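Raw contents of coords_21.cif, mmCIF, C-alpha atoms and all ligand atoms:
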data_model
#
loop_
_atom_site.label_atom_id
_atom_site.label_comp_id
_atom_site.auth_asym_id
_atom_site.auth_seq_id
_atom_site.Cartn_x
_atom_site.Cartn_y
_atom_site.Cartn_z
CA MET F 420 -58.65 209.68 -210.56
CA LYS F 421 -58.76 206.28 -208.83
CA LEU F 422 -61.70 204.75 -210.70
CA PRO F 423 -60.59 205.13 -214.31
CA LYS F 424 -57.18 203.84 -213.29
CA LEU F 425 -58.71 200.71 -211.81
CA LEU F 426 -60.92 200.20 -214.84
CA LEU F 427 -57.98 200.62 -217.16
CA LEU F 428 -55.97 198.11 -215.20
CA ALA F 429 -58.81 195.65 -215.20
CA SER F 430 -58.90 195.85 -218.98
CA LEU F 431 -55.11 195.65 -219.25
CA VAL F 432 -55.03 192.58 -217.03
CA ALA F 433 -57.99 190.98 -218.74
CA SER F 434 -56.35 191.31 -222.14
CA ALA F 435 -53.06 189.91 -220.83
CA GLY F 436 -54.09 186.27 -220.72
CA ALA F 437 -54.45 185.75 -224.46
CA GLN F 438 -50.80 186.27 -225.33
CA SER F 439 -49.07 185.45 -222.09
CA SER F 440 -47.86 182.08 -223.34
CA SER F 441 -45.95 183.37 -226.37
CA SER F 442 -42.87 185.55 -225.93
CA GLN F 443 -43.15 189.18 -226.96
CA GLY F 444 -39.43 189.74 -226.62
CA PRO F 445 -37.47 190.64 -229.74
CA THR F 446 -35.51 187.92 -231.54
CA SER F 447 -31.75 188.01 -231.15
CA LYS F 448 -31.61 188.98 -234.82
CA GLU F 449 -33.74 192.05 -234.10
CA VAL F 450 -31.45 193.05 -231.21
CA ASP F 451 -28.27 192.36 -233.22
CA ALA F 452 -29.53 194.65 -235.98
CA VAL F 453 -29.88 197.68 -233.69
CA TYR F 454 -27.09 196.96 -231.21
CA PRO F 455 -24.14 198.62 -233.02
CA ASP F 456 -25.96 201.99 -233.22
CA ALA F 457 -27.16 201.74 -229.62
CA HIS F 458 -23.67 200.86 -228.39
CA ALA F 459 -22.10 203.68 -230.40
CA LEU F 460 -24.52 206.15 -228.79
CA TYR F 461 -23.67 204.69 -225.37
CA VAL F 462 -19.94 205.25 -225.86
CA ASP F 463 -20.50 208.76 -227.26
CA LEU F 464 -22.77 209.77 -224.35
CA HIS F 465 -20.43 208.21 -221.81
CA GLN F 466 -17.54 210.28 -223.16
CA ASN F 467 -19.61 213.47 -223.29
CA PRO F 468 -21.71 213.64 -220.11
CA GLU F 469 -23.64 216.78 -219.14
CA LEU F 470 -24.90 217.89 -215.73
CA SER F 471 -28.57 218.09 -214.71
CA SER F 472 -30.58 220.73 -216.61
CA HIS F 473 -27.63 221.27 -218.98
CA GLU F 474 -28.20 218.20 -221.19
CA VAL F 475 -28.15 220.25 -224.40
CA GLN F 476 -25.93 218.08 -226.64
CA THR F 477 -27.28 214.90 -225.06
CA ALA F 478 -30.89 215.84 -225.81
CA ALA F 479 -30.01 216.93 -229.35
CA LYS F 480 -28.27 213.61 -230.06
CA LEU F 481 -31.20 211.58 -228.77
CA ALA F 482 -33.76 213.75 -230.57
CA GLY F 483 -31.85 213.53 -233.86
CA ARG F 484 -31.58 209.74 -233.71
CA LEU F 485 -35.27 209.29 -232.89
CA ARG F 486 -36.31 211.69 -235.63
CA GLY F 487 -34.19 209.65 -238.04
CA LEU F 488 -36.25 206.57 -237.09
CA GLY F 489 -39.49 208.32 -238.06
CA TYR F 490 -40.62 209.50 -234.62
CA GLU F 491 -42.40 212.84 -234.28
CA VAL F 492 -39.95 214.62 -231.99
CA THR F 493 -40.49 217.71 -229.84
CA GLU F 494 -37.51 219.23 -228.07
CA HIS F 495 -37.18 221.67 -225.16
CA VAL F 496 -40.11 220.26 -223.18
CA GLY F 497 -39.46 221.44 -219.62
CA GLY F 498 -35.93 222.67 -220.39
CA THR F 499 -33.94 220.11 -222.36
CA GLY F 500 -36.66 217.41 -222.34
CA VAL F 501 -37.39 215.35 -225.45
CA VAL F 502 -40.73 213.78 -226.43
CA ALA F 503 -40.78 211.33 -229.35
CA ILE F 504 -44.05 209.87 -230.54
CA LEU F 505 -44.70 206.98 -232.90
CA LYS F 506 -48.35 206.42 -233.81
CA ASN F 507 -49.40 203.01 -235.01
CA GLY F 508 -53.17 202.88 -235.27
CA ALA F 509 -55.76 202.66 -232.52
CA GLY F 510 -54.80 201.36 -229.11
CA PRO F 511 -53.31 202.44 -225.81
CA THR F 512 -50.61 205.07 -225.30
CA VAL F 513 -47.54 203.87 -223.43
CA MET F 514 -44.73 206.07 -222.21
CA LEU F 515 -41.15 204.87 -221.83
CA ARG F 516 -38.80 207.24 -220.06
CA THR F 517 -35.04 207.66 -219.95
CA GLU F 518 -33.11 210.25 -217.98
CA LEU F 519 -30.58 212.50 -219.73
CA ASP F 520 -28.31 213.75 -216.97
CA ALA F 521 -24.88 212.85 -215.58
CA LEU F 522 -23.25 213.62 -212.22
CA PRO F 523 -20.43 215.79 -210.86
CA VAL F 524 -18.16 212.78 -210.30
CA GLU F 525 -14.59 212.27 -211.49
CA GLU F 526 -14.48 208.99 -213.39
CA LYS F 527 -11.90 206.45 -212.22
CA THR F 528 -13.02 203.36 -214.16
CA GLU F 529 -10.05 203.30 -216.57
CA LEU F 530 -12.42 202.34 -219.38
CA SER F 531 -11.06 203.23 -222.83
CA TYR F 532 -14.06 205.54 -223.24
CA ALA F 533 -13.93 207.04 -219.71
CA SER F 534 -15.11 210.63 -219.39
CA LYS F 535 -12.50 213.37 -219.09
CA VAL F 536 -15.10 216.13 -219.12
CA ARG F 537 -14.90 219.04 -216.67
CA THR F 538 -17.33 221.91 -216.43
CA LYS F 539 -18.63 224.60 -214.08
CA ASP F 540 -21.54 223.55 -211.90
CA ASP F 541 -24.47 225.86 -211.09
CA ALA F 542 -22.54 227.31 -208.14
CA GLY F 543 -19.60 228.13 -210.42
CA HIS F 544 -17.30 225.38 -209.10
CA ASP F 545 -15.07 223.50 -211.51
CA VAL F 546 -16.24 219.86 -211.46
CA ALA F 547 -15.59 216.63 -213.32
CA VAL F 548 -18.62 215.04 -214.99
CA MET F 549 -19.43 211.35 -215.36
CA HIS F 550 -22.39 209.17 -216.28
CA ALA F 551 -21.99 207.49 -212.89
CA CYS F 552 -25.66 206.52 -212.65
CA GLY F 553 -25.89 204.71 -215.99
CA HIS F 554 -28.32 207.10 -217.68
CA ASP F 555 -26.15 206.82 -220.80
CA LEU F 556 -27.04 203.13 -220.93
CA HIS F 557 -30.74 203.94 -220.52
CA MET F 558 -30.59 206.34 -223.49
CA ALA F 559 -28.74 203.78 -225.61
CA ALA F 560 -31.35 201.15 -224.71
CA ILE F 561 -34.21 203.46 -225.62
CA LEU F 562 -32.59 204.09 -229.01
CA GLY F 563 -32.34 200.34 -229.68
CA THR F 564 -35.89 199.82 -228.45
CA ALA F 565 -37.15 202.73 -230.57
CA ALA F 566 -35.54 201.23 -233.68
CA ILE F 567 -37.00 197.76 -233.11
CA MET F 568 -40.48 199.17 -232.43
CA ALA F 569 -40.28 201.33 -235.57
CA HIS F 570 -39.22 198.35 -237.67
CA SER F 571 -41.82 195.92 -236.32
CA LYS F 572 -45.08 197.81 -236.45
CA GLY F 573 -46.95 194.59 -237.18
CA THR F 574 -46.23 193.39 -233.60
CA TRP F 575 -48.04 196.21 -231.78
CA HIS F 576 -50.58 198.98 -232.13
CA GLY F 577 -51.34 202.19 -230.31
CA THR F 578 -49.11 205.15 -229.56
CA LEU F 579 -45.56 204.85 -228.31
CA MET F 580 -44.31 207.87 -226.41
CA LEU F 581 -40.60 207.98 -225.60
CA ILE F 582 -39.38 210.70 -223.31
CA GLY F 583 -35.90 211.94 -222.50
CA GLN F 584 -36.20 213.55 -219.08
CA PRO F 585 -33.67 216.11 -217.87
CA ALA F 586 -32.51 216.68 -214.29
CA GLU F 587 -33.45 213.40 -212.62
CA GLU F 588 -30.47 213.65 -210.26
CA THR F 589 -31.63 217.02 -208.95
CA ILE F 590 -35.30 215.92 -208.77
CA GLY F 591 -36.78 218.60 -210.98
CA GLY F 592 -36.93 217.23 -214.50
CA ALA F 593 -40.15 215.22 -214.34
CA LYS F 594 -41.99 218.12 -212.73
CA GLY F 595 -40.50 220.50 -215.29
CA MET F 596 -41.84 218.42 -218.17
CA LEU F 597 -45.28 218.11 -216.54
CA ASP F 598 -45.38 221.86 -215.84
CA ASP F 599 -44.54 222.45 -219.50
CA GLY F 600 -47.67 220.54 -220.56
CA LEU F 601 -46.34 217.01 -221.11
CA LEU F 602 -49.80 215.51 -220.55
CA LYS F 603 -51.70 218.29 -222.33
CA ARG F 604 -49.61 218.82 -225.44
CA PHE F 605 -49.15 215.08 -225.98
CA PRO F 606 -51.46 212.09 -225.46
CA LYS F 607 -51.84 211.09 -221.80
CA PRO F 608 -50.26 207.63 -221.38
CA ASP F 609 -52.25 204.64 -220.13
CA ALA F 610 -49.07 203.27 -218.56
CA ALA F 611 -45.59 204.62 -217.86
CA VAL F 612 -42.44 202.48 -217.91
CA ALA F 613 -38.85 203.13 -216.86
CA MET F 614 -35.80 201.02 -216.18
CA HIS F 615 -32.67 201.56 -214.08
CA VAL F 616 -29.33 199.80 -214.35
CA GLY F 617 -27.38 198.85 -211.23
CA ASN F 618 -24.71 196.47 -209.97
CA THR F 619 -26.83 194.45 -207.54
CA LEU F 620 -28.11 192.18 -210.33
CA LEU F 621 -26.10 190.35 -212.97
CA ALA F 622 -26.03 191.70 -216.51
CA GLY F 623 -28.64 189.63 -218.32
CA GLN F 624 -31.12 189.88 -215.45
CA VAL F 625 -33.93 192.26 -214.59
CA GLY F 626 -35.54 192.86 -211.20
CA ILE F 627 -39.14 193.59 -210.26
CA VAL F 628 -40.60 195.07 -207.07
CA PRO F 629 -44.43 195.09 -207.06
CA GLY F 630 -45.95 197.91 -204.99
CA ILE F 631 -43.59 200.27 -203.16
CA TYR F 632 -40.33 200.35 -205.14
CA ASN F 633 -38.30 202.96 -203.27
CA THR F 634 -38.68 205.79 -200.75
CA ASN F 635 -39.97 209.31 -200.29
CA ALA F 636 -36.97 211.62 -200.38
CA ASP F 637 -36.71 215.05 -198.77
CA SER F 638 -33.77 217.44 -198.86
CA LEU F 639 -33.36 219.92 -196.02
CA ARG F 640 -30.97 222.80 -195.44
CA ILE F 641 -30.63 223.81 -191.80
CA THR F 642 -28.93 227.04 -190.79
CA ILE F 643 -28.06 227.39 -187.13
CA TYR F 644 -27.43 230.96 -185.95
CA GLY F 645 -25.00 231.51 -183.10
CA LYS F 646 -22.88 234.48 -182.19
CA GLY F 647 -19.35 234.75 -183.52
CA GLY F 648 -16.30 235.66 -181.46
CA HIS F 649 -12.69 234.83 -180.58
CA GLY F 650 -11.90 231.14 -180.21
CA SER F 651 -10.11 231.89 -176.95
CA ALA F 652 -13.21 233.50 -175.40
CA PRO F 653 -16.17 231.12 -175.88
CA HIS F 654 -18.05 232.79 -173.01
CA THR F 655 -18.51 235.89 -175.21
CA ALA F 656 -19.95 233.86 -178.10
CA ILE F 657 -22.65 231.30 -178.85
CA ASP F 658 -20.92 228.53 -180.75
CA PRO F 659 -23.03 227.28 -183.71
CA ILE F 660 -20.58 224.41 -184.32
CA VAL F 661 -21.29 222.93 -180.89
CA ILE F 662 -25.02 223.40 -181.42
CA ALA F 663 -24.69 221.71 -184.84
CA ALA F 664 -22.79 218.78 -183.33
CA ARG F 665 -25.45 218.23 -180.65
CA THR F 666 -28.20 218.62 -183.22
CA ILE F 667 -26.67 216.00 -185.54
CA LEU F 668 -26.49 213.44 -182.74
CA ALA F 669 -29.99 214.23 -181.49
CA LEU F 670 -31.39 213.89 -185.02
CA GLN F 671 -30.22 210.27 -185.03
CA THR F 672 -32.66 209.51 -182.22
CA ILE F 673 -35.62 210.17 -184.53
CA ALA F 674 -35.18 206.88 -186.38
CA SER F 675 -33.96 204.95 -183.33
CA ARG F 676 -36.29 206.34 -180.60
CA GLU F 677 -39.31 208.04 -182.17
CA VAL F 678 -40.29 206.08 -185.26
CA LYS F 679 -42.05 202.78 -184.65
CA PRO F 680 -39.64 199.84 -185.00
CA GLY F 681 -40.16 198.27 -188.41
CA ASP F 682 -41.09 201.53 -190.10
CA LEU F 683 -38.43 202.82 -192.47
CA ALA F 684 -36.74 206.14 -191.63
CA VAL F 685 -33.29 207.38 -192.66
CA VAL F 686 -31.96 210.76 -191.52
CA THR F 687 -28.53 211.49 -192.97
CA VAL F 688 -26.60 214.71 -192.44
CA GLY F 689 -24.55 214.71 -195.61
CA TYR F 690 -22.60 217.87 -195.01
CA ILE F 691 -21.81 220.40 -192.33
CA GLN F 692 -20.28 223.72 -193.22
CA ALA F 693 -19.10 226.28 -190.69
CA GLY F 694 -16.13 228.41 -189.87
CA THR F 695 -13.03 229.68 -191.60
CA LYS F 696 -10.20 229.49 -189.07
CA ASN F 697 -9.33 227.51 -185.94
CA ASN F 698 -9.44 230.47 -183.55
CA ILE F 699 -12.67 232.03 -184.76
CA ILE F 700 -16.10 231.01 -183.51
CA PRO F 701 -18.31 231.53 -186.56
CA ASP F 702 -21.70 233.19 -186.67
CA GLN F 703 -23.55 230.30 -188.20
CA ALA F 704 -23.40 226.66 -189.29
CA GLU F 705 -25.18 224.97 -192.16
CA LEU F 706 -26.25 221.32 -192.36
CA GLY F 707 -27.52 219.45 -195.43
CA LEU F 708 -29.85 216.51 -194.83
CA THR F 709 -31.47 213.78 -196.83
CA VAL F 710 -34.49 212.05 -195.33
CA ARG F 711 -35.98 208.77 -196.61
CA THR F 712 -39.26 207.19 -195.57
CA ASN F 713 -41.87 204.97 -197.19
CA LYS F 714 -45.08 205.96 -195.40
CA ALA F 715 -46.76 209.36 -195.58
CA GLU F 716 -47.37 209.52 -191.80
CA VAL F 717 -43.78 208.56 -190.97
CA ARG F 718 -42.52 211.19 -193.43
CA LYS F 719 -44.59 213.82 -191.62
CA GLN F 720 -43.41 212.60 -188.21
CA VAL F 721 -39.71 212.61 -189.17
CA LEU F 722 -39.82 216.07 -190.79
CA ALA F 723 -41.62 217.47 -187.73
CA GLY F 724 -39.08 215.78 -185.43
CA ILE F 725 -36.16 217.36 -187.29
CA GLU F 726 -37.72 220.80 -186.95
CA ARG F 727 -38.53 220.32 -183.25
CA ILE F 728 -35.06 219.00 -182.29
CA THR F 729 -33.20 221.63 -184.32
CA LYS F 730 -35.15 224.48 -182.76
CA ALA F 731 -34.88 223.05 -179.24
CA GLU F 732 -31.11 222.50 -179.45
CA ALA F 733 -30.61 226.11 -180.53
CA GLU F 734 -32.85 227.31 -177.75
CA ALA F 735 -31.02 225.12 -175.22
CA ALA F 736 -27.77 226.83 -176.22
CA GLY F 737 -29.27 230.27 -175.79
CA ALA F 738 -29.19 231.22 -179.46
CA ALA F 739 -30.96 234.52 -179.98
CA ARG F 740 -32.32 233.61 -183.39
CA ALA F 741 -34.22 230.42 -184.21
CA PRO F 742 -32.56 228.21 -186.84
CA SER F 743 -34.05 228.03 -190.30
CA VAL F 744 -35.10 224.64 -191.64
CA GLU F 745 -35.59 224.86 -195.38
CA HIS F 746 -37.21 222.02 -197.33
CA TYR F 747 -35.78 222.59 -200.81
CA GLU F 748 -36.42 219.31 -202.62
CA GLY F 749 -38.82 216.44 -202.20
CA THR F 750 -40.14 213.54 -204.17
CA ASP F 751 -42.63 210.81 -203.41
CA LEU F 752 -41.82 207.14 -203.56
CA VAL F 753 -42.27 205.27 -206.84
CA TYR F 754 -45.22 202.91 -206.69
CA ASN F 755 -45.32 199.97 -209.08
CA ASP F 756 -48.86 199.02 -209.87
CA PRO F 757 -49.04 195.45 -208.48
CA ALA F 758 -51.35 194.12 -211.24
CA LEU F 759 -49.14 195.62 -213.93
CA ALA F 760 -45.98 194.27 -212.25
CA GLN F 761 -47.51 190.80 -212.04
CA ARG F 762 -48.53 190.87 -215.68
CA LEU F 763 -45.15 192.15 -216.90
CA ARG F 764 -43.28 189.65 -214.77
CA GLY F 765 -44.70 186.93 -217.01
CA THR F 766 -43.82 188.93 -220.11
CA LEU F 767 -40.22 189.41 -218.98
CA GLU F 768 -39.88 185.78 -217.91
CA SER F 769 -40.91 184.57 -221.32
CA ALA F 770 -38.65 187.10 -223.07
CA LEU F 771 -35.51 186.68 -220.94
CA GLY F 772 -35.93 183.28 -219.28
CA LYS F 773 -37.47 182.62 -215.90
CA GLY F 774 -34.12 182.61 -214.06
CA ASN F 775 -33.31 186.08 -215.36
CA VAL F 776 -36.27 187.78 -213.70
CA VAL F 777 -35.61 188.39 -210.01
CA MET F 778 -38.18 189.54 -207.46
CA GLU F 779 -36.46 192.25 -205.40
CA GLU F 780 -36.99 194.14 -202.15
CA PRO F 781 -37.78 197.87 -202.11
CA ILE F 782 -34.71 200.13 -202.04
CA THR F 783 -33.97 203.41 -200.23
CA ALA F 784 -32.91 205.35 -203.33
CA SER F 785 -35.36 207.82 -204.84
CA GLU F 786 -36.52 208.95 -208.22
CA ASP F 787 -38.79 211.60 -209.69
CA PHE F 788 -40.54 209.04 -211.93
CA SER F 789 -43.11 209.21 -209.10
CA TYR F 790 -44.34 212.54 -210.55
CA PHE F 791 -45.67 210.70 -213.62
CA VAL F 792 -47.33 207.98 -211.52
CA GLU F 793 -48.99 210.66 -209.38
CA GLN F 794 -50.81 211.94 -212.45
CA GLY F 795 -52.91 208.77 -212.28
CA ILE F 796 -50.76 206.81 -214.74
CA PRO F 797 -50.07 203.21 -213.65
CA GLY F 798 -46.29 202.84 -213.48
CA PHE F 799 -43.81 200.03 -213.98
CA TYR F 800 -40.25 200.83 -212.91
CA PHE F 801 -37.90 197.88 -213.05
CA SER F 802 -34.20 197.22 -212.47
CA LEU F 803 -31.70 196.14 -215.06
CA GLY F 804 -28.68 194.08 -214.00
CA GLY F 805 -25.32 195.61 -214.85
CA ALA F 806 -22.86 193.43 -212.95
CA ASP F 807 -20.20 191.46 -214.78
CA PRO F 808 -20.86 187.89 -213.51
CA GLU F 809 -17.16 187.12 -212.91
CA LYS F 810 -16.45 190.35 -211.04
CA PHE F 811 -19.70 189.91 -209.10
CA ALA F 812 -18.68 186.40 -207.98
CA GLN F 813 -15.18 187.61 -207.08
CA ALA F 814 -16.53 190.50 -205.00
CA LYS F 815 -18.92 188.15 -203.23
CA ALA F 816 -16.10 185.71 -202.43
CA GLU F 817 -14.07 188.59 -200.98
CA GLY F 818 -17.03 189.80 -198.93
CA THR F 819 -17.18 193.11 -200.82
CA ARG F 820 -19.57 194.62 -203.36
CA LEU F 821 -19.16 195.99 -206.85
CA PRO F 822 -19.12 199.81 -207.04
CA SER F 823 -22.65 201.19 -206.79
CA ASN F 824 -24.34 203.86 -208.88
CA HIS F 825 -22.78 207.31 -208.27
CA SER F 826 -19.37 205.74 -207.55
CA PRO F 827 -16.42 206.99 -209.67
CA LEU F 828 -15.84 203.28 -210.41
CA PHE F 829 -19.39 202.46 -211.58
CA ALA F 830 -19.06 200.57 -214.86
CA PRO F 831 -21.94 198.33 -215.93
CA ASP F 832 -21.09 195.37 -218.14
CA ALA F 833 -22.42 197.18 -221.18
CA ASP F 834 -22.72 194.42 -223.73
CA PRO F 835 -25.07 192.01 -221.97
CA ALA F 836 -26.77 194.80 -219.97
CA LEU F 837 -27.60 196.94 -222.99
CA ARG F 838 -28.84 193.96 -225.01
CA THR F 839 -30.99 192.83 -222.09
CA GLY F 840 -32.32 196.35 -221.54
CA ILE F 841 -33.44 196.56 -225.17
CA ALA F 842 -35.01 193.09 -225.09
CA ALA F 843 -36.84 193.84 -221.83
CA GLU F 844 -38.18 197.20 -223.02
CA VAL F 845 -39.40 195.80 -226.33
CA ALA F 846 -41.12 192.86 -224.59
CA VAL F 847 -42.84 195.20 -222.11
CA LEU F 848 -43.94 197.65 -224.82
CA ARG F 849 -45.25 194.94 -227.14
CA ASN F 850 -47.23 193.50 -224.25
CA LEU F 851 -48.74 196.84 -223.28
CA LEU F 852 -49.34 198.05 -226.83
CA LYS F 853 -51.87 195.65 -228.17
ZN ZN F 901 -28.50 208.60 -209.78
ZN ZN F 902 -30.12 207.17 -211.97
#
What does this structure look like when you write it as structure tokens?
Ligand SMILES: [Zn+2]
Ligand SMILES: [Zn+2]
Amino acid sequence: MKLPKLLLLASLVASAGAQSSSSQGPTSKEVDAVYPDAHALYVDLHQNPELSSHEVQTAAKLAGRLRGLGYEVTEHVGGTGVVAILKNGAGPTVMLRTELDALPVEEKTELSYASKVRTKDDAGHDVAVMHACGHDLHMAAILGTAAIMAHSKGTWHGTLMLIGQPAEETIGGAKGMLDDGLLKRFPKPDAAVAMHVGNTLLAGQVGIVPGIYNTNADSLRITIYGKGGHGSAPHTAIDPIVIAARTILALQTIASREVKPGDLAVVTVGYIQAGTKNNIIPDQAELGLTVRTNKAEVRKQVLAGIERITKAEAEAAGAARAPSVEHYEGTDLVYNDPALAQRLRGTLESALGKGNVVMEEPITASEDFSYFVEQGIPGFYFSLGGADPEKFAQAKAEGTRLPSNHSPLFAPDADPALRTGIAAEVAVLRNLLK
């Protein structure tokens, strides 16, 4: 798998020089022509968000629009996934991905088009739903990009493959599409591109991280088994809440005492659930963890440390049954091919202006875009600024930050961000498809 990838990159990089001096970004006229439709889709999707794996209307809207532009569209790839292909002669195949899903968050932005949607989640709980991660903006951008690419076939050649991926937030959608034959039923891409909006960069800017972009992410569910009893008679019980409390504190020593200083490790216990009443010692306690690392050996070390400490704390308390440590989700870090990132940095600088392309540090979020890269496809995952410059400056002066992704207040500055997203995607695609 390694060799063809290197050869491909060598040819991609070799062919880059010829056009690097002229901008491949769309003209403002091209963006203006597609912006109203893209913005209308953004507002519609923002008002009608759907949870992971339930993106039925969302996928249908995106599929319908892309079909209308002349793309060959296949729906229901890995659940609600959408694949839209536009062939334009011989040349490479390039994939551009957007996510489809929203989050169980109650919107508090007070935007005129704020979501008021409520639904039942997979556990049957009534939840509010919001596009709090900006995937609505990614879909709107892909629509604008799709329209420009369809209307300017003289500027590129090859095969453009747009995909709408379900269930990014629950880390299952990319795998679902691959398991459903994404790379067998459709042409295997020579490069894969994705973009993510956030509030750490100004709207109008994009950010690039060559190499490691983010972290490995692992989700664990720990169940500690004690022995229930009356709250007034702890000597007759084995208290799983006390074991859980000791375990949580001991788990924090993995990053601080076991992992080599300088290596990245985050162990967060995001929830603890146990008990029903103040005078009852429950039978068991459940902990939910997220673990982030950026090296395979550290990942292994941290996961083993969690298992060891959890078991030992239960044993120390005299629990009769060993705790269960269930690894129920995991994704590898996203790796940006350094040669591709270097090449596309130049492309984005000439399309958006040098000052609008920021070199960033890796982040500790995670993403299942890594599943595509692991198939031997060189990847380029870049950030799109969403921060309103005035609000950004005000927050900075006050020593605070703008609301991050997943916040009920997350509201990217849609007009410049969406325009920039479209311009950046078109520039990247035109550079890769030639
Ligand atoms: Zn998210
Ligand atoms: Zn996201």
Within 7 Å of ligand ZN 902 (chain F), counting all atoms listed in the file, which protein or nucleic acid residues do you find, written as a PDB file with C-alpha atoms, in the frame of the given file?
ATOM      1  CA  CYS F 552     -25.660 206.520-212.650  1.00  0.00           C
ATOM      2  CA  GLY F 553     -25.890 204.710-215.990  1.00  0.00           C
ATOM      3  CA  HIS F 554     -28.320 207.100-217.680  1.00  0.00           C
ATOM      4  CA  GLU F 588     -30.470 213.650-210.260  1.00  0.00           C
ATOM      5  CA  HIS F 615     -32.670 201.560-214.080  1.00  0.00           C
TER       6      HIS F 615
END
- Item | One-decimal distance in Å that lies between CA of Leu464 in chain F and CA of Leu519 in chain F |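 Separation of CA of Leu519 in chain F and CA of Leu464 in chain F: 9.5 Å.
Candidate residues F:Gln671, F:Thr589, F:Gln813, F:Thr578 were compared for distance to ligand ZN 901 (chain F), and the nearest is F:Thr589, using all atoms listed in the file.
For the pair CA of Ile841 in chain F and CA of Glu809 in chain F, the separation is 22.5 Å.
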- Query: Pick from F:Glu732, F:Glu469, F:Asp555, F:Glu587: nearest to ligand ZN 901 (chain F), with all atoms listed in the file counted?
  - Reply: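 Answer, going by the shortest atom-to-atom distance: F:Glu587.
One finds CA of Asn824 in chain F at 13.0 Å from CA of Thr783 in chain F.
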- Spatial neighbours of Pro835 in chain F, 10 Å, all atoms listed in the file, chain gap at least 6 places, as a ChimeraX atom specification: /F:621-624,804-807
- Query: Can you list, as a PyMOL selection string, every protein, DNA or RNA residue that comes within 6 Å of range 471-476 of chain F when you count only C-alpha atoms, leaving out same-chain residues fewer than 2 positions away?
  - Reply: chain F and resi 469+478-479+520+585-586
- Counting all atoms listed in the file, figure out which residue out of F:Gly630, F:Pro606, F:Gly583, F:Gly595 gets nearest to Ile782 in chain F. F:Gly630
- Message: Under the rule that all atoms listed in the file are counted, which of F:Gly497, F:Gly600, F:Gly444, F:Gly617 is the nearest residue to ligand ZN 901 (chain F)?
- Response: F:Gly617
- Nearest to Lys853 in chain F, restricted to all atoms listed in the file and choosing among F:Ser675, F:Val502, F:Trp575, F:Ala566, comes out as F:Trp575
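Distance annotation: of F:His544, F:Lys572, F:His465, F:Arg604, the residue with the minimal separation from Ala521 in chain F is F:His465; atom set is all atoms listed in the file.
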